[in-house]
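J.: What follows is a structure written as structure tokens; I'll ask about it next.
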Amino acid sequence: MKNEQAKKYGMVIDLDKCTGCGACMVACMAENNVPFKKDETNKLDSITWMRVFQLTNGKSFPETDVCYIPRPCMHCEGEHGHSPCVSVCPATATDYSQQTGIVSQIYTRCFGCRYCMAACPYHARYFNWWDPVWPNGMEKYLNPNVSPRMRGVVEKCSFCFHRYQRAMEKAFLEGRRELEEEEYQTACTQACPAGAIVFGDLNNEKHKIHQIVNPDPAHRGRPKNPKAFRLLERLGTNPKVYYLSSREWVRRAGDNYLPHEGSGKGH
Amino acid sequence: MKMDRRSFLSFVIGGAAGTTLSPLPWKLTDDLAIWSQNWPWTPVPEKGEVSYANTTCMLCPGGCGITVRKVGDRAVKIEGTKGHPVNNGGICILGLSGLQLLYGPTRVPSPLRRTGERGENRWQKVSWDEALAWVAEKLADLRGKRLSHTVACISGTDGGTVPRLMERFLTAFGSPNFIRTPSMRDSYEMTLHLMQGAQASIGFDIENADFIVSFGSGILEGWGSPVRMFRANSVWKENGVKVVQIEPRLSNTAAKSDKWLPIHPGTEGALALGLAHVILKESLYRKDFVGTHTSGFDRWSKEVVEEWTPEQVETVTGIDKSTIVDLAKSFANAKKPLAICGRGKGNTAGGIGEFMAVHSLNALMGNINRKGGVWAVPGSDHIHWPEVEMDAVASAGMQQTRIDGAGTDKFMHARHLLHRVPEMISAGDPSLVQALFVLDANPYYTLSDKALLKKAWAKIPFILSFSSFMDETAQNADLILPNHMYLERYEDVPYAEGFNKPFIGLAKPVVSPQFDTLHTGDAILRLAKALGDPVEKAFPWEDYEGCLDDTFGDQWEELQEIGYRVESDFEPGSRNTAFETASRKFEFIPEESKDAAKNVMVKAEGEEPAYPLVLIPYDSPRLASGFIGDPPFMIKTVPDTVLKENDLLVEVHPKTAQSLGISEGKPAVLKTPKGEARVRVHLFEGIMPGLVAMPTGLGHQAYDGYLAGKGINFNDLIGPVEDEVSGLDAAWGIRAKLSRV
């Protein structure tokens with residue numbers, strides 16, 4: 001693949017636009033054959049590759065404010081692809097692709113030690129404590145592009161990697177080596193009724209995400225856009241999911257700043 | 001060989017070391033992992049040819065275009081249709097979950113006849129011929145006894161061909177009792193009728209408005225056409241359009257708005273008039289419009305100026321008078337301000353005084369039928385069927401008073417008053433309804449005052465549900481004639497809620513029927529045939545598709561191909577012709593509802609001190625609260641601060657909770673004049689002290705194990721409060737008592 005420039009797929013989510021409706025969560029579940037149980041109120045074992053959390057500014061009525069924050073897998077690059085989960089996997093079941101920047105999860109290699117879950121600072125990984133069970137007849141809607149997982153393995157958001165594969169196959173058939181921006185979009189991006197999610201190649205200056213985030217290569221992709229931030233920036237995980245917010249308290253909450261600290265970015 | 005302690009230990013330790021160093025345990029672990037991953041019960045989805053089919057979503061009145069991805073003959077994913085005039089590629093959480101309804105265990109697999117007691121859920125499968133013959137026999141019997149008017153139908157929609165066929169069936173049969181389920185549509189239709197003389201739907205040119213004041217409308221909870229509203233909200237953010245949200249609780253909409261103004265619930269109409277007061281006082285209204293196109297302005301403005309001063313409004317609403325003045329000024333100084341109302345998703349009717357007060361604000365700004373304003377959108381006119389020829393029985397039946405009293409002297413302008421029906425049935429002996437049909441509605445769940453409803457229900461001798469799903473109403477019916485679900489059938493969707501252009505969407509079958517179901521359109525035609533003339537001759541069509549073809553005529557093929565019809569260049573009537581009131585002007589005080597202005601606030605049921613708190617419902621985009629229940633995907637997204645195991649959490653301000661001695665997550669008993677429930681408490685700073693907020697859409701008893709038994713149904717705790725002027729159900733909450741257990 002010499003003629004291919006390495007891609008770095010990433011996502012930017014506009015928290016000013018995100019309404020907390022949860023469509024991204026369901027779009028993801030439907031696309032990726034995510035199982036469900038009768039009781040999903042124990043959120044520790046509720047598998048949601050994409051989950052919308054709620055932040056609050058901690059102020060009392062009526063100054064209180066909330067903000068919704070969707071959390072997919074951050075696809076951390078760390079330093080040279082040493083993302084927290086990849087570094088600890090003893091089974092090479094999860095890997096950082098230098099070609100796409102996507103952190104993969106190979107279910108058949110995973111033997112369920114859950115080191116990666118412990119290592120992930122974003123709680124983006126979930127363990128299948130039970131075998132998936134679809135009520136009679138419901139297996140009919142399962143997507144053949146994503147294999148249903150079995151008990152005992154870890155799963156997480158793949159940036160809908162199967163959509164990348166599908167798009168690449170189509171491109172190859174048509175004699176192309178490069179994808180157009182809209183040819184590869186994740187299910188959540190496509191579904192978001194508020195248009196709050198933008199997905200694309202951070203390395204490609206023509207892609208919207210590059211223009212919005214303006215990543216700084218000298219500082220491991222830290223956004224130059226003052227409205228943009230990444231979750232737990234200070235850990236150095238170098239995530240590829242960015243957030244936009246015009247509210248300072250939201251940006252500060254994104255990096256868990258203590259009250260006496262500055263926001264660390266000079267804005 | 002002699003086995004001493006030394007050689008035994010050597011053997012054990014050596015053996016352990018050797019096994020560890022050998023590949024055996026690792027190989028075994030690996031094999032075990034692989035074996036456990038190849039259990040045959042993990043499904044392997046079948047591959048097949050990929051195709052896409054477009055249709056229209058029918059899970060709410062939003063009218064969104066959806067594209068279904070298919071693999072072979074299986075539908076595997078629902079996506080929004082790009083370029084669709086209503087939702088342009090976007091889709092909501094319920095629309096995305098549609099396939100769980102299609103393939104799920106909640107479907108009614110064939111016609112079912114009750115064998116046990118009502119609600120016991122014991123059924124016997126019957127054939128379609130048998131089932132329809134049974135219904136026809138019952139109907140013929142009633143007609144023979146001149147009781148045709150005791151047949152009633154509760155329908156979730158009107159205007160489309162299926163509800164119109166049902167209405168036509170009732171007309172030819174001899175019953176005026178076609179009753180639509182309540183929603184803000186009722187109040188907005190009446191507002192347009194009274195103030196503008198228009199028979200029209202309300203449309204909002206929201207994308208072009210530049211300052212929005214929302215009196216509790218859940219713009220981001222599912223109000224109007226949900227995806228369109230989400231998209232508009234993003235456009236507003238990009239263009240710096242200000243949104244002011246007025247409601248007692250920090251909802252999703254309030255959280256996303258530029259300003260959230262907590263207000264005492266039920267006083268929104270007073271605030272609207274308070275704003276009008278400032279606008280009038282400061283002379284900020286659009287004189288060109290008000291001067292030439294309105295009537296009754298002097299009297300109305302005098303009343304508003306005298307009675308609704310900011311000081312008084314502050315006392316009533318709890319909103320600071322300087323805030324009221326500032327808001328009124330910003331609103332009036334915006335180029336294209338827009339005021340909207342209809343609480344939450346708009347699933348309740350609401351008080352007409354409040355709607356008219358808000359509409360008057362729009363009139364003051366002259367933004368009626370104007371870019372960025374409120375438009376009267378004429379109802380779809382695609383149905384031109386020949387008039388029904390009624391025989392003597394039908395005419396006599398049609399002349400009977402409607403059971404809900406709509407259209408009588410007392411409720412002259414109301415078209416549908418479903419909340420009155422249980423009371424009327426309970427009072428009558430024998431029951432005023434001898435046979436009840438239910439179409440695209442779930443009244444057994446959505447109607448309030450459950451004790452009265454159950455009493456009335458027990459008095460109806462025959463209940464027929466056309467539901468595709470085993471919902472509460474179907475479960476408590478005598479016969480279920482399951483319709484194809486929306487992904488399996490043709491049906492026209494005659495409007496998109498709140499859309500400002502005449503629109504018709506077409507639902508088309510994307511998969512073949514999965515069960516032994518029948519299109520309700522066909523069921524009606526077959527029933528008519530079974531009854532014979534004169535009912536039969538009102539239906540000159542072979543089947544429902546023939547009826548659609550005939551209805552749309554030469555547009556049918558185009559409609560099938562494109563999937564919708566929209567008048568994109570529609571302009572609301574010019575102001576000289578738009579108002580069809582007697583004065584040909586906008587009426588600030590319509591003669592027929594002189595008292596509406598005095599009635600801008602409706603009191604909640606219950607009295608202090610027995611009920612010191614006020615219980616209000618709140619809608620969430622993640623909880624479907626209409627006639628469809630949450631599919632498993634959606635219920636999974638509900639936060640654990642709303643639902644924990646099967647317990648529902650009500651939201652209470654920490655101070656209120658403290659005064660009651662209740663802490664986070666603790667159980668409590670919630671009591672209202674209409675019911676009692678065990679709940680848990682979630683402390684939330686985003687709610688006014690003194691209130692209890694409860695999510696709608698939970699507490700289902702029917703459907704499947706993924707939904708049934710979770711939480712409490714808000715409708716079990718509240719009863720209707722009739723608006724004195726309109727007759728509509730104006731209840732927005734109820735007084736309540738919360739006590740620790």
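All residue names refer to the structure tokens as shown: chains lettered A, B, ... in order, residues numbered from 1 in each chain, ligands numbered from 1 in order.
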Please extract the residues of range 83-208 of chain A with a backbone DSSP assignment of helix (DSSP H, G or I) and present them as a PyMOL selection string.
T.: chain A and resi 84-88+115-119+138-141+161-173+181-183+187-191+208
J.: Emit the selected residues as an mmCIF file, in the first residue's frame, including N, CA and C atoms.
T.:
```cif
data_model
loop_
_atom_site.group_PDB
_atom_site.id
_atom_site.type_symbol
_atom_site.label_atom_id
_atom_site.label_comp_id
_atom_site.auth_asym_id
_atom_site.auth_seq_id
_atom_site.Cartn_x
_atom_site.Cartn_y
_atom_site.Cartn_z
ATOM 1 N N PRO A 84 -3.466 2.942 25.521
ATOM 2 C CA PRO A 84 -3.459 2.231 26.806
ATOM 3 C C PRO A 84 -3.887 0.777 26.696
ATOM 4 N N CYS A 85 -4.916 0.504 25.903
ATOM 5 C CA CYS A 85 -5.430 -0.859 25.850
ATOM 6 C C CYS A 85 -4.528 -1.776 25.034
ATOM 7 N N VAL A 86 -4.006 -1.244 23.932
ATOM 8 C CA VAL A 86 -3.168 -2.069 23.062
ATOM 9 C C VAL A 86 -1.917 -2.519 23.820
ATOM 10 N N SER A 87 -1.401 -1.605 24.627
ATOM 11 C CA SER A 87 -0.161 -1.918 25.344
ATOM 12 C C SER A 87 -0.310 -3.079 26.310
ATOM 13 N N VAL A 88 -1.509 -3.259 26.847
ATOM 14 C CA VAL A 88 -1.640 -4.277 27.892
ATOM 15 C C VAL A 88 -2.213 -5.599 27.412
ATOM 16 N N TYR A 115 -7.750 -6.924 30.883
ATOM 17 C CA TYR A 115 -6.717 -5.938 31.201
ATOM 18 C C TYR A 115 -7.022 -4.617 30.488
ATOM 19 N N CYS A 116 -7.485 -4.749 29.238
ATOM 20 C CA CYS A 116 -7.733 -3.543 28.433
ATOM 21 C C CYS A 116 -8.805 -2.666 29.070
ATOM 22 N N MET A 117 -9.796 -3.337 29.705
ATOM 23 C CA MET A 117 -10.863 -2.557 30.339
ATOM 24 C C MET A 117 -10.309 -1.772 31.512
ATOM 25 N N ALA A 118 -9.405 -2.407 32.221
ATOM 26 C CA ALA A 118 -8.793 -1.729 33.356
ATOM 27 C C ALA A 118 -7.918 -0.574 32.868
ATOM 28 N N ALA A 119 -7.300 -0.773 31.713
ATOM 29 C CA ALA A 119 -6.367 0.244 31.220
ATOM 30 C C ALA A 119 -7.077 1.422 30.575
ATOM 31 N N MET A 138 -35.932 -12.059 16.292
ATOM 32 C CA MET A 138 -35.209 -10.799 16.172
ATOM 33 C C MET A 138 -33.824 -10.948 15.550
ATOM 34 N N GLU A 139 -33.301 -12.212 15.489
ATOM 35 C CA GLU A 139 -31.992 -12.350 14.832
ATOM 36 C C GLU A 139 -32.082 -11.922 13.376
ATOM 37 N N LYS A 140 -33.320 -11.827 12.889
ATOM 38 C CA LYS A 140 -33.490 -11.502 11.468
ATOM 39 C C LYS A 140 -32.879 -10.161 11.096
ATOM 40 N N TYR A 141 -32.830 -9.218 12.049
ATOM 41 C CA TYR A 141 -32.301 -7.911 11.652
ATOM 42 C C TYR A 141 -30.783 -7.814 11.809
ATOM 43 N N PHE A 161 -15.671 -0.093 11.466
ATOM 44 C CA PHE A 161 -14.593 -0.460 10.558
ATOM 45 C C PHE A 161 -15.103 -1.234 9.342
ATOM 46 N N HIS A 162 -16.182 -2.026 9.545
ATOM 47 C CA HIS A 162 -16.733 -2.778 8.413
ATOM 48 C C HIS A 162 -17.218 -1.847 7.318
ATOM 49 N N ARG A 163 -17.613 -0.642 7.695
ATOM 50 C CA ARG A 163 -18.037 0.320 6.677
ATOM 51 C C ARG A 163 -16.817 0.800 5.879
ATOM 52 N N TYR A 164 -15.682 0.902 6.566
ATOM 53 C CA TYR A 164 -14.442 1.273 5.871
ATOM 54 C C TYR A 164 -14.081 0.183 4.870
ATOM 55 N N GLN A 165 -14.163 -1.065 5.355
ATOM 56 C CA GLN A 165 -13.826 -2.178 4.453
ATOM 57 C C GLN A 165 -14.733 -2.204 3.239
ATOM 58 N N ARG A 166 -16.021 -2.010 3.490
ATOM 59 C CA ARG A 166 -17.001 -2.030 2.405
ATOM 60 C C ARG A 166 -16.689 -0.919 1.408
ATOM 61 N N ALA A 167 -16.395 0.266 1.936
ATOM 62 C CA ALA A 167 -16.124 1.406 1.065
ATOM 63 C C ALA A 167 -14.839 1.181 0.282
ATOM 64 N N MET A 168 -13.822 0.597 0.931
ATOM 65 C CA MET A 168 -12.558 0.355 0.238
ATOM 66 C C MET A 168 -12.732 -0.683 -0.865
ATOM 67 N N GLU A 169 -13.498 -1.734 -0.549
ATOM 68 C CA GLU A 169 -13.736 -2.767 -1.568
ATOM 69 C C GLU A 169 -14.392 -2.153 -2.788
ATOM 70 N N LYS A 170 -15.376 -1.305 -2.539
ATOM 71 C CA LYS A 170 -16.081 -0.668 -3.632
ATOM 72 C C LYS A 170 -15.105 0.216 -4.425
ATOM 73 N N ALA A 171 -14.259 0.953 -3.712
ATOM 74 C CA ALA A 171 -13.307 1.839 -4.370
ATOM 75 C C ALA A 171 -12.341 1.023 -5.225
ATOM 76 N N PHE A 172 -11.848 -0.082 -4.670
ATOM 77 C CA PHE A 172 -10.908 -0.923 -5.430
ATOM 78 C C PHE A 172 -11.559 -1.435 -6.700
ATOM 79 N N LEU A 173 -12.826 -1.869 -6.563
ATOM 80 C CA LEU A 173 -13.538 -2.375 -7.736
ATOM 81 C C LEU A 173 -13.635 -1.313 -8.821
ATOM 82 N N GLU A 181 -14.714 11.677 1.266
ATOM 83 C CA GLU A 181 -15.045 11.866 2.679
ATOM 84 C C GLU A 181 -16.363 11.177 3.059
ATOM 85 N N GLU A 182 -17.399 11.350 2.218
ATOM 86 C CA GLU A 182 -18.709 10.829 2.624
ATOM 87 C C GLU A 182 -18.838 9.325 2.373
ATOM 88 N N GLU A 183 -17.854 8.715 1.734
ATOM 89 C CA GLU A 183 -17.949 7.281 1.456
ATOM 90 C C GLU A 183 -17.789 6.434 2.712
ATOM 91 N N ALA A 187 -21.953 4.851 11.737
ATOM 92 C CA ALA A 187 -23.417 4.803 11.861
ATOM 93 C C ALA A 187 -23.928 5.954 12.717
ATOM 94 N N CYS A 188 -23.186 6.300 13.782
ATOM 95 C CA CYS A 188 -23.663 7.365 14.677
ATOM 96 C C CYS A 188 -23.617 8.720 13.983
ATOM 97 N N THR A 189 -22.560 8.938 13.207
ATOM 98 C CA THR A 189 -22.430 10.201 12.478
ATOM 99 C C THR A 189 -23.603 10.355 11.519
ATOM 100 N N GLN A 190 -23.881 9.271 10.808
ATOM 101 C CA GLN A 190 -24.944 9.291 9.817
ATOM 102 C C GLN A 190 -26.299 9.538 10.472
ATOM 103 N N ALA A 191 -26.502 8.947 11.647
ATOM 104 C CA ALA A 191 -27.830 9.011 12.260
ATOM 105 C C ALA A 191 -28.090 10.322 12.978
ATOM 106 N N LYS A 208 -13.632 17.908 6.636
ATOM 107 C CA LYS A 208 -14.227 18.887 7.563
ATOM 108 C C LYS A 208 -13.585 18.787 8.950
#
```
J.: Dump as a PyMOL selection string the residues of chain B that approach chain A to within 6 Å, counting only C-alpha atoms.
T.: chain B and resi 33+37+45+47+75-76+90-93+103-104+227+230-231+234+255+621+636+640+644-645+685-686+706
J.: For the selection you just gave me, I'd like the residues written to a file as a PDB file, in the first residue's frame, keeping C-alpha atoms.
T.:
```pdb
ATOM      1  CA  ALA B  33     -11.450 -20.096  24.685  1.00  0.00           C
ATOM      2  CA  GLN B  37     -16.476 -18.923  21.214  1.00  0.00           C
ATOM      3  CA  PRO B  45     -26.259 -13.559  10.303  1.00  0.00           C
ATOM      4  CA  LYS B  47     -25.410 -13.015   3.922  1.00  0.00           C
ATOM      5  CA  ALA B  75     -34.400  -5.704   6.803  1.00  0.00           C
ATOM      6  CA  VAL B  76     -31.217  -5.039   8.801  1.00  0.00           C
ATOM      7  CA  GLY B  90     -31.591  12.498  10.000  1.00  0.00           C
ATOM      8  CA  ILE B  91     -33.439   9.958  12.077  1.00  0.00           C
ATOM      9  CA  CYS B  92     -34.601   9.728  15.666  1.00  0.00           C
ATOM     10  CA  ILE B  93     -33.997   7.083  18.278  1.00  0.00           C
ATOM     11  CA  TYR B 103     -39.270  -8.769  14.130  1.00  0.00           C
ATOM     12  CA  GLY B 104     -39.931  -8.554  17.849  1.00  0.00           C
ATOM     13  CA  VAL B 227     -35.869  15.281  13.452  1.00  0.00           C
ATOM     14  CA  PHE B 230     -33.292  18.773  15.994  1.00  0.00           C
ATOM     15  CA  ARG B 231     -31.990  19.997  12.663  1.00  0.00           C
ATOM     16  CA  SER B 234     -28.502  23.079  15.012  1.00  0.00           C
ATOM     17  CA  ALA B 255     -30.329  22.710  28.661  1.00  0.00           C
ATOM     18  CA  PRO B 621     -36.631  11.597  23.560  1.00  0.00           C
ATOM     19  CA  LYS B 636     -31.444   0.366  27.154  1.00  0.00           C
ATOM     20  CA  ASP B 640     -30.143   4.795  35.783  1.00  0.00           C
ATOM     21  CA  LYS B 644     -33.234   1.370  38.258  1.00  0.00           C
ATOM     22  CA  GLU B 645     -34.184  -2.261  37.899  1.00  0.00           C
ATOM     23  CA  GLU B 685     -30.889  20.749  40.956  1.00  0.00           C
ATOM     24  CA  GLY B 686     -32.626  21.365  37.635  1.00  0.00           C
ATOM     25  CA  TYR B 706     -38.006  -5.787  27.965  1.00  0.00           C
TER      26      TYR B 706
END
```
J.: Could you tell me how far CA of Leu44 in chain A sits from CA of Phe127 in chain A, in Å to one decimal place?
T.: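 Spanning CA of Phe127 in chain A to CA of Leu44 in chain A is a straight-line distance of 9.5 Å.
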J.: Find the distance between CA of Gly159 in chain B and CA of Phe503 in chain B and write it in Å to one decimal.
T.: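 So the answer is 11.9 Å.
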J.: Report the residues of range 427-489 of chain B whose backbone DSSP state falls under strand (DSSP E or B), written as a list in words.
T.: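 Assigned to strand (DSSP E or B), within range 427-489 of chain B: Ala435, Leu436, Phe437, Val438, Leu439, Phe462, Ile463, Leu464, Ser465, Phe469, Leu479 and Ile480 of chain B.
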J.: Using C-alpha atoms, can you export the residues from the last selection as an mmCIF file, in the first residue's frame?
T.:
```cif
data_model
loop_
_atom_site.group_PDB
_atom_site.id
_atom_site.type_symbol
_atom_site.label_atom_id
_atom_site.label_comp_id
_atom_site.auth_asym_id
_atom_site.auth_seq_id
_atom_site.Cartn_x
_atom_site.Cartn_y
_atom_site.Cartn_z
ATOM 1 C CA ALA B 435 -68.688 -1.827 20.275
ATOM 2 C CA LEU B 436 -65.347 -0.063 20.352
ATOM 3 C CA PHE B 437 -62.750 -0.148 17.574
ATOM 4 C CA VAL B 438 -59.214 0.981 18.290
ATOM 5 C CA LEU B 439 -56.936 2.006 15.454
ATOM 6 C CA PHE B 462 -67.231 -5.651 22.508
ATOM 7 C CA ILE B 463 -63.740 -4.233 22.000
ATOM 8 C CA LEU B 464 -61.786 -4.730 18.796
ATOM 9 C CA SER B 465 -58.166 -3.698 18.396
ATOM 10 C CA PHE B 469 -48.538 -5.156 18.648
ATOM 11 C CA LEU B 479 -60.671 -9.536 19.426
ATOM 12 C CA ILE B 480 -57.438 -8.437 17.769
#
```
J.: Would you kindly return, as a list in words, each protein, DNA or RNA residue with an atom no farther than 10 Å from any atom of Cys57 in chain B, considering only C-alpha atoms and excluding same-chain residues fewer than 4 positions away?
T.: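 Contacts, with the query itself left out: Pro61, Gly62, Gly63, Cys64, Gly65, Ile66, Thr67, Ile78, Gly80, Ile91, Leu94, Gly95, Leu96, Gly98, Tyr486, Leu487, Val493, Gly505, Leu506, Ala507 and Lys508 of chain B.
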J.: Would you write out those residues with C-alpha atoms, as a tab-separated table (two decimals), in the first residue's frame?
T.:
```tsv
chain	number	residue	atom	x	y	z
B	61	PRO	CA	-46.79	12.05	13.37
B	62	GLY	CA	-43.38	13.38	12.26
B	63	GLY	CA	-43.62	12.11	8.68
B	64	CYS	CA	-39.88	11.35	8.28
B	65	GLY	CA	-38.54	9.57	5.22
B	66	ILE	CA	-36.62	6.40	6.06
B	67	THR	CA	-34.36	4.15	4.03
B	78	ILE	CA	-33.24	1.80	9.24
B	80	GLY	CA	-32.91	8.55	7.43
B	91	ILE	CA	-33.44	9.96	12.08
B	94	LEU	CA	-37.46	5.53	17.87
B	95	GLY	CA	-37.27	5.44	14.09
B	96	LEU	CA	-33.93	3.63	14.37
B	98	GLY	CA	-38.26	0.08	14.14
B	486	TYR	CA	-45.78	0.08	8.94
B	487	LEU	CA	-42.81	-1.55	7.23
B	493	VAL	CA	-49.22	9.85	5.91
B	505	GLY	CA	-45.74	10.84	2.76
B	506	LEU	CA	-46.28	7.31	1.55
B	507	ALA	CA	-45.45	4.26	3.61
B	508	LYS	CA	-44.58	1.35	1.36
```
J.: Separation of CA of Ile383 in chain B and CA of Thr408 in chain B, in Å?
T.: 26.5 Å
J.: List the spatial neighbours of Leu202 in chain A as a ChimeraX atom specification - criterion: any atom at most 10 Å away, only C-alpha atoms, same-chain residues fewer than 4 positions off excluded.
T.: /A:7-12,101,206-215,221,240
J.: Create the file for the chosen residues now, containing N, CA and C atoms and written as an mmCIF file, in the first residue's frame.
T.:
```cif
data_model
loop_
_atom_site.group_PDB
_atom_site.id
_atom_site.type_symbol
_atom_site.label_atom_id
_atom_site.label_comp_id
_atom_site.auth_asym_id
_atom_site.auth_seq_id
_atom_site.Cartn_x
_atom_site.Cartn_y
_atom_site.Cartn_z
ATOM 1 N N LYS A 7 -3.848 7.211 6.975
ATOM 2 C CA LYS A 7 -5.016 7.984 7.397
ATOM 3 C C LYS A 7 -5.066 8.030 8.922
ATOM 4 N N LYS A 8 -5.787 8.978 9.394
ATOM 5 C CA LYS A 8 -5.977 9.045 10.830
ATOM 6 C C LYS A 8 -7.433 9.429 11.046
ATOM 7 N N TYR A 9 -8.287 8.408 11.091
ATOM 8 C CA TYR A 9 -9.712 8.687 11.208
ATOM 9 C C TYR A 9 -10.056 9.154 12.617
ATOM 10 N N GLY A 10 -10.842 10.180 12.672
ATOM 11 C CA GLY A 10 -11.222 10.740 13.965
ATOM 12 C C GLY A 10 -12.608 11.342 13.901
ATOM 13 N N MET A 11 -13.025 11.842 15.029
ATOM 14 C CA MET A 11 -14.397 12.318 15.162
ATOM 15 C C MET A 11 -14.393 13.606 15.972
ATOM 16 N N VAL A 12 -15.254 14.533 15.596
ATOM 17 C CA VAL A 12 -15.432 15.700 16.450
ATOM 18 C C VAL A 12 -16.924 15.853 16.724
ATOM 19 N N GLY A 101 -5.494 4.462 11.810
ATOM 20 C CA GLY A 101 -5.593 5.055 13.140
ATOM 21 C C GLY A 101 -6.698 4.446 13.974
ATOM 22 N N LYS A 206 -8.528 18.475 3.474
ATOM 23 C CA LYS A 206 -9.806 18.782 2.825
ATOM 24 C C LYS A 206 -10.999 18.304 3.657
ATOM 25 N N HIS A 207 -10.739 17.435 4.588
ATOM 26 C CA HIS A 207 -11.850 16.904 5.378
ATOM 27 C C HIS A 207 -12.311 17.915 6.419
ATOM 28 N N LYS A 208 -13.632 17.908 6.636
ATOM 29 C CA LYS A 208 -14.227 18.887 7.563
ATOM 30 C C LYS A 208 -13.585 18.787 8.950
ATOM 31 N N ILE A 209 -13.353 17.562 9.384
ATOM 32 C CA ILE A 209 -12.839 17.395 10.751
ATOM 33 C C ILE A 209 -11.499 18.100 10.914
ATOM 34 N N HIS A 210 -10.656 18.007 9.890
ATOM 35 C CA HIS A 210 -9.358 18.671 9.965
ATOM 36 C C HIS A 210 -9.547 20.182 10.087
ATOM 37 N N GLN A 211 -10.479 20.684 9.292
ATOM 38 C CA GLN A 211 -10.709 22.127 9.305
ATOM 39 C C GLN A 211 -11.301 22.591 10.644
ATOM 40 N N ILE A 212 -12.183 21.767 11.213
ATOM 41 C CA ILE A 212 -12.809 22.178 12.470
ATOM 42 C C ILE A 212 -11.810 22.112 13.624
ATOM 43 N N VAL A 213 -11.112 20.985 13.717
ATOM 44 C CA VAL A 213 -10.259 20.734 14.885
ATOM 45 C C VAL A 213 -8.927 21.461 14.763
ATOM 46 N N ASN A 214 -8.379 21.452 13.561
ATOM 47 C CA ASN A 214 -7.061 22.014 13.316
ATOM 48 C C ASN A 214 -6.026 21.406 14.264
ATOM 49 N N PRO A 215 -5.775 20.094 14.105
ATOM 50 C CA PRO A 215 -4.881 19.418 15.053
ATOM 51 C C PRO A 215 -3.438 19.920 14.911
ATOM 52 N N GLY A 221 -1.428 16.211 18.120
ATOM 53 C CA GLY A 221 -2.804 16.362 17.656
ATOM 54 C C GLY A 221 -3.689 17.204 18.532
ATOM 55 N N LYS A 240 -8.435 10.361 19.349
ATOM 56 C CA LYS A 240 -8.825 10.938 18.058
ATOM 57 C C LYS A 240 -10.279 11.392 18.045
#
```
J.: From the list B:Leu220, B:Ala477, B:Leu660, B:Ala578, which residue is nearest Gly346 in chain B when using only C-alpha atoms?
T.: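 Of the candidates, the smallest distance to Gly346 in chain B is held by B:Leu220.
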J.: Name the residues in contact with range 261-266 of chain B at a cut-off of 7 Å, using only C-alpha atoms, excluding same-chain residues fewer than 6 positions from it; report them as number ranges by chain.
T.: B: 245-249, 317-319, 601-602, 732
J.: For those residues, write C-alpha atoms to a file as a CSV table (one decimal), in the first residue's frame.
T.:
```csv
chain,number,residue,atom,x,y,z
B,245,GLN,CA,-37.2,28.0,27.1
B,246,ILE,CA,-39.9,28.5,29.7
B,247,GLU,CA,-40.6,25.5,31.9
B,248,PRO,CA,-40.2,24.4,35.5
B,249,ARG,CA,-37.6,21.7,34.8
B,317,THR,CA,-45.3,32.9,37.4
B,318,GLY,CA,-42.4,33.3,39.8
B,319,ILE,CA,-40.4,35.0,37.1
B,601,MET,CA,-54.4,29.3,33.6
B,602,VAL,CA,-56.0,25.9,34.5
B,732,TRP,CA,-50.7,19.7,32.9
```
J.: Compile the contact shell of Thr115 in chain B as an MDAnalysis selection string: residues with an atom at most 10 Å away, counting only C-alpha atoms, same-chain residues fewer than 6 positions apart removed.
T.: chainID B and resid 121:125 478:479
